[in-house]
$ cat data_13.cif   # mmCIF, C-alpha atoms
data_query
#
loop_
_atom_site.label_atom_id
_atom_site.label_comp_id
_atom_site.auth_asym_id
_atom_site.auth_seq_id
_atom_site.Cartn_x
_atom_site.Cartn_y
_atom_site.Cartn_z
CA MET T 14 -185.48 263.64 -141.50
CA PRO T 15 -183.55 261.16 -139.31
CA ILE T 16 -181.70 262.45 -136.26
CA ARG T 17 -178.24 261.03 -135.54
CA PRO T 18 -178.33 259.11 -132.23
CA ASP T 19 -175.24 260.77 -130.74
CA ILE T 20 -176.69 264.18 -131.57
CA LEU T 21 -179.99 263.21 -129.93
CA ILE T 22 -178.13 262.17 -126.76
CA ALA T 23 -176.12 265.41 -126.81
CA ILE T 24 -179.33 267.44 -127.15
CA LEU T 25 -180.99 265.63 -124.24
CA VAL T 26 -177.91 266.00 -122.01
CA MET T 27 -177.57 269.70 -122.90
CA GLY T 28 -181.30 270.23 -122.33
CA PHE T 29 -181.13 268.56 -118.94
CA ALA T 30 -178.08 270.67 -117.97
CA SER T 31 -179.71 273.85 -119.23
CA HIS T 32 -182.97 273.40 -117.36
CA LEU T 33 -181.28 272.11 -114.21
CA CYS T 34 -179.49 275.48 -114.06
CA ARG T 35 -182.80 277.30 -114.64
CA MET T 36 -184.69 275.40 -111.92
CA SER T 37 -182.10 274.89 -109.20
CA GLY T 38 -181.35 278.49 -108.24
CA PHE T 39 -185.03 279.06 -107.50
CA PHE T 40 -185.36 275.65 -105.84
CA LEU T 41 -182.27 275.97 -103.63
CA MET T 42 -183.29 279.37 -102.32
CA ARG T 43 -185.92 277.52 -100.30
CA TYR T 44 -183.17 275.90 -98.24
CA VAL T 45 -179.95 277.82 -98.71
CA ALA T 46 -179.21 281.26 -97.41
CA ILE T 47 -177.05 282.95 -99.99
CA THR T 48 -174.21 284.25 -97.84
CA PRO T 49 -172.27 287.31 -99.01
CA ARG T 50 -169.42 285.05 -100.08
CA VAL T 51 -171.69 282.71 -102.09
CA GLU T 52 -173.32 285.73 -103.64
CA ALA T 53 -169.92 287.19 -104.53
CA TRP T 54 -169.01 283.90 -106.21
CA LEU T 55 -172.27 283.63 -108.15
CA SER T 56 -172.18 287.24 -109.27
CA ALA T 57 -168.56 286.93 -110.46
CA ILE T 58 -169.37 283.95 -112.72
CA PRO T 59 -170.72 285.91 -115.73
CA ILE T 60 -167.81 288.33 -116.07
CA ALA T 61 -165.22 285.56 -115.48
CA LEU T 62 -166.92 283.52 -118.20
CA ILE T 63 -166.93 286.50 -120.57
CA GLY T 64 -163.20 286.96 -119.99
CA ALA T 65 -162.62 283.25 -120.58
CA VAL T 66 -164.48 283.31 -123.90
CA LEU T 67 -162.96 286.55 -125.20
CA ALA T 68 -159.28 286.22 -124.23
CA PRO T 69 -158.46 283.20 -126.44
CA VAL T 70 -160.30 284.87 -129.34
CA ALA T 71 -158.04 287.90 -128.97
CA VAL T 72 -154.87 285.85 -128.50
CA LYS T 73 -155.46 283.34 -131.30
CA GLY T 74 -157.10 285.80 -133.69
CA GLY T 75 -155.56 288.12 -136.25
CA PRO T 76 -156.45 291.57 -137.58
CA PRO T 77 -160.11 290.68 -138.41
CA GLU T 78 -160.82 289.49 -134.86
CA TRP T 79 -158.92 292.39 -133.27
CA ALA T 80 -160.82 294.89 -135.43
CA GLY T 81 -164.09 293.11 -134.56
CA LEU T 82 -163.45 293.28 -130.82
CA ALA T 83 -162.47 296.95 -131.10
CA ALA T 84 -165.66 297.65 -133.08
CA ALA T 85 -167.84 295.88 -130.50
CA LEU T 86 -166.24 297.68 -127.55
CA GLY T 87 -166.15 301.06 -129.29
CA THR T 88 -169.74 300.97 -130.56
CA MET T 89 -171.01 299.77 -127.20
CA ARG T 90 -169.19 302.55 -125.35
CA MET T 91 -170.57 305.17 -127.71
CA THR T 92 -174.15 303.95 -128.18
CA GLY T 93 -174.81 301.58 -125.29
CA ASN T 94 -176.82 299.48 -127.74
CA ASP T 95 -175.74 295.82 -127.66
CA PHE T 96 -177.58 294.81 -130.82
CA LEU T 97 -176.00 297.59 -132.89
CA SER T 98 -172.57 296.84 -131.41
CA ALA T 99 -172.71 293.11 -132.20
CA ILE T 100 -173.84 293.80 -135.78
CA ALA T 101 -171.11 296.42 -136.26
CA ALA T 102 -168.49 293.96 -135.01
CA VAL T 103 -169.68 291.18 -137.32
CA LEU T 104 -169.66 293.53 -140.33
CA VAL T 105 -166.14 294.75 -139.48
CA VAL T 106 -164.88 291.15 -139.19
CA ALA T 107 -166.48 290.25 -142.54
CA PHE T 108 -165.02 293.36 -144.17
CA VAL T 109 -161.46 292.88 -142.90
CA ARG T 110 -161.55 289.20 -143.93
CA TRP T 111 -162.85 290.20 -147.35
CA VAL T 112 -160.07 292.77 -147.78
CA GLY T 113 -157.76 289.89 -146.94
CA ALA T 114 -155.92 291.21 -143.96
CA MET Z 1087 -191.36 288.55 -98.32
CA VAL Z 1088 -194.75 289.10 -99.89
CA ASP Z 1089 -197.39 286.81 -98.42
CA GLY Z 1090 -199.86 285.00 -100.64
CA ALA Z 1091 -199.56 284.16 -104.32
CA PRO Z 1092 -198.98 286.89 -106.92
CA PRO Z 1093 -201.53 287.06 -109.75
CA PHE Z 1094 -200.89 284.71 -112.67
CA THR Z 1095 -203.39 285.60 -115.39
CA SER Z 1096 -203.88 285.45 -119.14
CA ARG Z 1097 -203.56 289.24 -119.16
CA GLY Z 1098 -200.09 288.82 -117.68
CA LEU Z 1099 -199.25 286.28 -120.39
CA ARG Z 1100 -200.35 288.74 -123.08
CA ALA Z 1101 -198.46 291.63 -121.46
CA GLY Z 1102 -195.31 289.50 -121.55
CA ALA Z 1103 -195.85 288.45 -125.15
CA PHE Z 1104 -196.22 292.06 -126.29
CA GLY Z 1105 -193.66 293.49 -123.88
CA VAL Z 1106 -190.87 291.39 -125.35
CA ALA Z 1107 -191.42 292.63 -128.92
CA PRO Z 1108 -188.61 295.25 -128.94
CA LEU Z 1109 -186.09 292.48 -128.23
CA LEU Z 1110 -187.13 290.23 -131.10
CA PRO Z 1111 -184.80 291.63 -133.81
CA VAL Z 1112 -181.79 290.67 -131.67
CA VAL Z 1113 -183.14 287.17 -131.08
CA VAL Z 1114 -183.87 286.72 -134.80
CA MET Z 1115 -180.33 287.77 -135.77
CA TYR Z 1116 -178.75 285.65 -133.08
CA GLY Z 1117 -180.93 282.65 -133.96
CA ILE Z 1118 -180.05 282.95 -137.64
CA ALA Z 1119 -176.35 283.16 -136.77
CA PHE Z 1120 -176.70 280.06 -134.63
CA GLY Z 1121 -178.59 278.19 -137.36
CA VAL Z 1122 -175.94 279.03 -139.97
CA MET Z 1123 -173.15 277.87 -137.65
CA ALA Z 1124 -175.05 274.72 -136.67
CA GLY Z 1125 -175.41 273.85 -140.34
CA ALA Z 1126 -171.69 274.44 -140.88
CA ALA Z 1127 -170.97 272.14 -137.93
CA GLY Z 1128 -172.96 269.37 -139.63
CA LEU Z 1129 -176.38 269.57 -137.99
CA SER Z 1130 -179.47 269.05 -140.16
CA ALA Z 1131 -182.40 271.48 -139.98
CA SER Z 1132 -184.39 269.14 -137.74
CA GLU Z 1133 -181.41 268.51 -135.45
CA ALA Z 1134 -180.72 272.25 -135.14
CA ALA Z 1135 -184.42 272.92 -134.46
CA LEU Z 1136 -184.56 270.22 -131.80
CA LEU Z 1137 -181.39 271.55 -130.17
CA SER Z 1138 -182.80 275.09 -129.96
CA ALA Z 1139 -186.21 273.84 -128.81
CA VAL Z 1140 -184.85 271.61 -126.03
CA VAL Z 1141 -181.88 273.65 -124.78
CA ASN Z 1142 -183.21 277.18 -125.46
CA ALA Z 1143 -179.98 278.97 -124.47
CA GLY Z 1144 -178.10 280.84 -127.19
CA GLY Z 1145 -174.76 281.30 -125.47
CA ALA Z 1146 -174.55 277.66 -124.37
CA GLN Z 1147 -175.53 276.42 -127.84
CA MET Z 1148 -172.99 278.67 -129.59
CA ALA Z 1149 -170.21 277.64 -127.21
CA SER Z 1150 -171.07 273.95 -127.61
CA LEU Z 1151 -170.67 274.22 -131.36
CA GLN Z 1152 -166.99 275.08 -130.77
CA ALA Z 1153 -166.61 271.54 -129.40
CA TRP Z 1154 -168.94 269.83 -131.91
CA ASP Z 1155 -167.53 266.78 -133.67
CA ASN Z 1156 -168.59 263.44 -135.14
CA PRO Z 1157 -169.40 261.71 -132.83
CA VAL Z 1158 -170.42 264.55 -130.50
CA PRO Z 1159 -168.28 264.74 -127.30
CA ILE Z 1160 -171.26 264.42 -124.90
CA LEU Z 1161 -169.42 265.26 -121.67
CA ALA Z 1162 -167.73 268.32 -123.17
CA VAL Z 1163 -170.92 269.84 -124.61
CA GLY Z 1164 -172.85 268.99 -121.42
CA LEU Z 1165 -170.31 270.71 -119.16
CA THR Z 1166 -170.03 273.65 -121.56
CA THR Z 1167 -173.80 274.06 -121.22
CA VAL Z 1168 -173.50 274.03 -117.42
CA ALA Z 1169 -170.62 276.53 -117.56
CA MET Z 1170 -172.54 278.90 -119.81
CA ASN Z 1171 -175.84 278.58 -117.95
CA ALA Z 1172 -174.55 278.64 -114.37
CA ARG Z 1173 -175.64 282.28 -114.23
CA TYR Z 1174 -179.28 281.08 -114.36
CA LEU Z 1175 -178.80 279.95 -110.76
CA LEU Z 1176 -178.64 283.62 -109.80
CA LEU Z 1177 -181.54 284.68 -111.99
CA GLY Z 1178 -183.70 281.90 -110.55
CA ALA Z 1179 -182.65 282.72 -106.99
CA ALA Z 1180 -183.65 286.34 -107.55
CA LEU Z 1181 -187.19 285.26 -108.48
CA ARG Z 1182 -187.77 283.45 -105.16
CA PRO Z 1183 -189.37 286.38 -103.27
CA TRP Z 1184 -191.80 287.08 -106.13
CA PHE Z 1185 -192.68 283.53 -107.22
CA SER Z 1186 -192.59 281.65 -103.91
CA GLY Z 1187 -196.38 281.77 -103.43
CA LEU Z 1188 -197.12 280.29 -106.87
CA PRO Z 1189 -198.06 276.62 -107.28
CA PRO Z 1190 -195.06 274.68 -108.66
CA HIS Z 1191 -196.67 274.02 -112.05
CA GLN Z 1192 -196.74 277.79 -112.62
CA SER Z 1193 -193.37 278.73 -111.11
CA TYR Z 1194 -191.32 275.89 -112.59
CA SER Z 1195 -192.91 276.04 -116.03
CA SER Z 1196 -192.10 279.78 -116.07
CA LEU Z 1197 -188.47 278.99 -115.25
CA PHE Z 1198 -188.44 276.62 -118.22
CA VAL Z 1199 -188.59 279.60 -120.60
CA MET Z 1200 -186.52 282.00 -118.49
CA GLY Z 1201 -183.64 283.75 -120.27
CA ASP Z 1202 -181.56 286.82 -119.51
CA ALA Z 1203 -183.76 289.16 -121.51
CA ASN Z 1204 -187.23 288.24 -120.29
CA TRP Z 1205 -185.99 287.80 -116.72
CA ALA Z 1206 -184.71 291.37 -116.73
CA LEU Z 1207 -187.92 292.62 -118.38
CA ALA Z 1208 -190.14 290.79 -115.89
CA LEU Z 1209 -188.29 292.19 -112.88
CA GLN Z 1210 -188.52 295.63 -114.43
CA GLU Z 1211 -192.29 295.17 -114.75
CA ARG Z 1212 -192.54 294.23 -111.11
CA GLU Z 1213 -190.39 297.20 -110.17
CA GLU Z 1214 -192.98 299.40 -111.87
CA GLY Z 1215 -195.74 297.88 -109.79
CA ARG Z 1216 -197.19 295.30 -112.21
CA ASN Z 1217 -196.63 292.04 -110.38
CA ASP Z 1218 -198.53 289.59 -112.62
CA ALA Z 1219 -196.14 286.60 -112.49
CA ALA Z 1220 -197.35 285.28 -115.87
CA PHE Z 1221 -195.32 287.99 -117.62
CA LEU Z 1222 -192.20 285.80 -117.52
CA MET Z 1223 -193.95 282.88 -119.17
CA GLY Z 1224 -195.68 285.00 -121.82
CA SER Z 1225 -192.46 286.69 -122.86
CA GLY Z 1226 -190.47 283.46 -122.62
CA ALA Z 1227 -192.89 281.54 -124.83
CA ILE Z 1228 -192.59 284.12 -127.62
CA LEU Z 1229 -188.79 284.19 -127.30
CA TRP Z 1230 -188.68 280.39 -127.51
CA LEU Z 1231 -190.86 280.33 -130.63
CA VAL Z 1232 -188.78 283.01 -132.36
CA TRP Z 1233 -185.50 281.37 -131.31
CA VAL Z 1234 -186.48 277.97 -132.79
CA SER Z 1235 -187.86 279.53 -136.01
CA ALA Z 1236 -184.78 281.70 -136.54
CA THR Z 1237 -182.53 278.67 -135.98
CA VAL Z 1238 -184.30 276.78 -138.78
CA ALA Z 1239 -184.18 279.82 -141.06
CA GLY Z 1240 -180.44 280.16 -140.42
CA GLN Z 1241 -179.73 276.48 -141.04
CA VAL Z 1242 -181.64 276.56 -144.36
CA PHE Z 1243 -180.21 279.96 -145.35
CA GLY Z 1244 -176.71 278.74 -144.48
CA GLN Z 1245 -176.89 276.07 -147.22
CA VAL Z 1246 -177.09 278.90 -149.77
CA LEU Z 1247 -174.69 281.17 -147.94
CA GLY Z 1248 -171.72 278.83 -147.71
CA ASP Z 1249 -168.99 279.40 -145.12
CA PRO Z 1250 -170.37 281.54 -142.23
CA ALA Z 1251 -166.85 282.81 -141.46
CA ARG Z 1252 -166.90 284.79 -144.73
CA PHE Z 1253 -169.68 286.91 -143.26
CA GLY Z 1254 -168.19 287.15 -139.80
CA LEU Z 1255 -171.08 285.13 -138.36
CA ASP Z 1256 -168.72 282.90 -136.38
CA PHE Z 1257 -167.78 286.09 -134.52
CA MET Z 1258 -171.33 286.68 -133.24
CA LEU Z 1259 -170.76 285.14 -129.80
CA ALA Z 1260 -167.49 287.03 -129.23
CA ALA Z 1261 -169.14 290.26 -130.40
CA PHE Z 1262 -172.10 289.74 -128.08
CA PHE Z 1263 -169.83 288.93 -125.13
CA ALA Z 1264 -167.63 291.96 -125.83
CA THR Z 1265 -170.70 294.21 -125.55
CA LEU Z 1266 -171.69 292.47 -122.30
CA ALA Z 1267 -168.15 293.02 -120.99
CA VAL Z 1268 -168.53 296.78 -121.43
CA THR Z 1269 -171.63 296.76 -119.20
CA PHE Z 1270 -170.18 294.42 -116.56
CA LEU Z 1271 -166.79 296.15 -116.31
CA ARG Z 1272 -168.43 299.36 -115.14
CA LYS Z 1273 -168.40 297.66 -111.73
CA SER Z 1274 -164.86 297.70 -110.35
CA ALA Z 1275 -165.48 294.36 -108.56
CA SER Z 1276 -165.63 292.78 -112.03
CA LEU Z 1277 -162.09 293.65 -113.06
CA LEU Z 1278 -160.25 290.93 -111.13
CA PRO Z 1279 -162.57 288.01 -112.04
CA PHE Z 1280 -162.45 289.18 -115.66
CA ALA Z 1281 -158.63 289.33 -115.73
CA VAL Z 1282 -158.14 286.01 -113.91
CA GLY Z 1283 -160.76 284.31 -116.08
CA ALA Z 1284 -159.06 285.62 -119.23
CA LEU Z 1285 -155.57 284.56 -118.13
CA ALA Z 1286 -156.65 281.11 -116.92
CA ALA Z 1287 -158.53 280.53 -120.19
CA ILE Z 1288 -155.51 281.48 -122.32
CA ILE Z 1289 -153.27 279.07 -120.39
CA ALA Z 1290 -155.88 276.27 -120.33
CA GLU Z 1291 -156.57 276.67 -124.03
CA ARG Z 1292 -152.86 276.04 -124.79
CA LEU Z 1293 -152.64 273.00 -122.52
CA ILE Z 1294 -155.97 271.18 -123.01
CA ALA Z 1295 -157.81 270.36 -126.24
CA GLY Z 1296 -161.53 271.15 -126.49
CA PRO Z 1297 -163.70 273.85 -124.85
CA TRP Z 1298 -162.58 273.18 -121.26
CA TYR Z 1299 -160.80 276.51 -121.16
CA ILE Z 1300 -164.17 278.29 -120.84
CA LEU Z 1301 -165.13 276.28 -117.77
CA ILE Z 1302 -161.64 276.54 -116.24
CA GLY Z 1303 -161.46 280.30 -116.81
CA ALA Z 1304 -164.98 280.88 -115.44
CA ALA Z 1305 -164.23 278.78 -112.33
CA ALA Z 1306 -160.86 280.41 -111.65
CA GLY Z 1307 -162.11 283.96 -112.21
CA SER Z 1308 -165.30 283.60 -110.17
CA LEU Z 1309 -163.54 281.88 -107.24
CA VAL Z 1310 -161.05 284.72 -107.10
CA GLY Z 1311 -164.03 287.07 -107.02
CA ALA Z 1312 -165.48 285.13 -104.05
CA LEU Z 1313 -162.14 284.94 -102.17
CA ARG Z 1314 -161.52 288.60 -102.61
CA HIS Z 1315 -164.92 289.36 -101.11
CA ALA Z 1316 -163.88 287.51 -97.93
CA ASP Z 1317 -160.94 289.86 -97.38
CA PRO Z 1318 -161.74 292.18 -94.48
CA ALA Z 1319 -160.14 295.10 -96.33
#
$ encode --input "data_13.cif" --output "structure tokens"
Amino acid sequence: MPIRPDILIAILVMGFASHLCRMSGFFLMRYVAITPRVEAWLSAIPIALIGAVLAPVAVKGGPPEWAGLAAALGTMRMTGNDFLSAIAAVLVVAFVRWVGA
Amino acid sequence: MVDGAPPFTSRGLRAGAFGVAPLLPVVVMYGIAFGVMAGAAGLSASEAALLSAVVNAGGAQMASLQAWDNPVPILAVGLTTVAMNARYLLLGAALRPWFSGLPPHQSYSSLFVMGDANWALALQEREEGRNDAAFLMGSGAILWLVWVSATVAGQVFGQVLGDPARFGLDFMLAAFFATLAVTFLRKSASLLPFAVGALAAIIAERLIAGPWYILIGAAAGSLVGALRHADPA
């Protein structure tokens, strides 16, 4: 099957970016002392990114997305199982969309 | 720092390959969801397989699909990948004390298949006194294989399935991130970066087309986290 050239370029660029991130933290630790401030910055990245992904979903979404987020948060708080929580959320979204809310 | 190289054996590879088994159902589901969405975004089975094989990062791939178009906006998907994978800097940095004695062909090829799950598993192994460094590569290789296979299955399955939104599959990334948020927000230091990231993303999403809001929110939130740390109080 032929691969579209722009998609091939996108894949190579994304692959390069992905593996650069994987390699460079390990590589840089040879030379860079991670100061408390740098560490605070690096460790705040994941939760800031999670907020940035979720907030527009909540703001732009309707009842299915709100119910889905509530299901994910609620199931996770009760069970602590991320797989179960993600599946529950997806099922709730599908159900509320199917009901037509 | 530990002096000398840690062991890197075929037994360690096998331990990793078997140790990762409990995580595979999640990876299969997530890979299928990605494959279905990739198909809906216009990728063929071979393109989706190549994407998963080369990039090997679920969150980055899912987020990039939000920006996917014909032709693909290369800069946007590239920067989205960096934004989503910037956390790997930390994971890699944390491996330095353990892996520093390894020859580069072993340490860097292990990093090639490093993900959140097998990184955490490997460090847990070491914590329990098994310091065979090949564990990361063994577990990562299996995860990679399953991730690529599930992507193809999802892309093919998606042709039959129709619109993934009907089944809530487009919500998979948000659902996964919401569960991560629960874990992260147990630390009070996470609250401010989370709130600032969320607010900045909402504003940026209104003002700028494309997926830049993720990068802008992550940058704003994390910098606030770093600044706050510098406060003497």
$ residues_around --input "data_13.cif" --residues "Ala1134 in chain Z" --least-positions-apart "5" --cutoff "9 Å" --atoms "only C-alpha atoms" --output "PyMOL selection string"
chain Z and resi 1120-1121+1124-1125+1129+1139+1234+1237-1238+1241
$ resolve_selection --input "data_13.cif" --expression "the PyMOL selection byres ((chain T and resi 55) around 10)" --output "list in words"
Ile47, Pro49, Arg50, Val51, Glu52, Ala53, Trp54, Ser56, Ala57, Ile58 and Pro59 of chain T; Ala1172, Arg1173, Tyr1174, Leu1175, Leu1176, Ser1308, Leu1309, Gly1311 and Ala1312 of chain Z
$ closest_residue --input "data_13.cif" --among "Z:Ser1235, Z:Ser1276, Z:Gln1210, Z:Asn1217" --to "chain T" --atoms "only C-alpha atoms"
Z:Ser1276
$ resolve_selection --input "data_13.cif" --expression "the PyMOL selection byres ((chain T and resi 113) around 12)" --output "ChimeraX atom specification"
/T:75-77,106-112,114 /Z:1252
$ closest_atom_pairs --input "data_13.cif" --of "range 14-56 of chain T" --to "range 1161-1171 of chain Z" --cutoff "12 Å" --atoms "only C-alpha atoms" --output "Markdown table"
| residue | atom | partner | partner_atom | distance |
| --- | --- | --- | --- | --- |
| T:Asp19 | CA | Z:Leu1161 | CA | 11.7 |
| T:Ile20 | CA | Z:Val1163 | CA | 10.7 |
| T:Ile22 | CA | Z:Gly1164 | CA | 10.1 |
| T:Ala23 | CA | Z:Val1163 | CA | 7.2 |
| T:Ile24 | CA | Z:Gly1164 | CA | 8.8 |
| T:Leu25 | CA | Z:Gly1164 | CA | 9.2 |
| T:Val26 | CA | Z:Gly1164 | CA | 5.9 |
| T:Met27 | CA | Z:Gly1164 | CA | 5.0 |
| T:Gly28 | CA | Z:Thr1167 | CA | 8.5 |
| T:Phe29 | CA | Z:Gly1164 | CA | 8.7 |
| T:Ala30 | CA | Z:Val1168 | CA | 5.7 |
| T:Ser31 | CA | Z:Thr1167 | CA | 6.2 |
| T:His32 | CA | Z:Asn1171 | CA | 8.8 |
| T:Leu33 | CA | Z:Val1168 | CA | 8.6 |
| T:Cys34 | CA | Z:Asn1171 | CA | 6.2 |
| T:Arg35 | CA | Z:Asn1171 | CA | 7.8 |
| T:Met36 | CA | Z:Asn1171 | CA | 11.2 |
| T:Ser37 | CA | Z:Asn1171 | CA | 11.4 |
| T:Gly38 | CA | Z:Asn1171 | CA | 11.2 |
| T:Leu55 | CA | Z:Asn1171 | CA | 11.6 |
$ closest_residue --input "data_13.cif" --among "T:Met91, T:Val45, T:Val66, T:Ala80" --to "chain Z" --atoms "only C-alpha atoms"
T:Val66
$ closest_residue --input "data_13.cif" --among "Z:Ala1219, Z:Ala1236, Z:Leu1110, Z:Val1246" --to "chain T" --atoms "all atoms listed in the file"
Z:Leu1110
$ closest_residue --input "data_13.cif" --among "T:Leu67, T:Lys73, T:Tyr44, T:Pro18" --to "chain Z" --atoms "all atoms listed in the file"
T:Leu67
$ resolve_selection --input "data_13.cif" --expression "the PyMOL selection byres ((chain Z and resi 1132) around 8)" --output "PyMOL selection string"
(chain T and resi 14+16) or (chain Z and resi 1130-1131+1133-1136+1238)
$ atom_distance --input "data_13.cif" --atom1 "CA of Met1223 in chain Z" --atom2 "CA of Ser1196 in chain Z"
4.8 Å
$ closest_residue --input "data_13.cif" --among "Z:Trp1230, Z:Phe1243, Z:Phe1263, Z:Trp1184" --to "Asn1204 in chain Z" --atoms "all atoms listed in the file"
Z:Trp1230
$ closest_residue --input "data_13.cif" --among "Z:Gly1098, Z:Pro1190, Z:Pro1111, Z:Gly1090" --to "Trp1233 in chain Z" --atoms "only C-alpha atoms"
Z:Pro1111
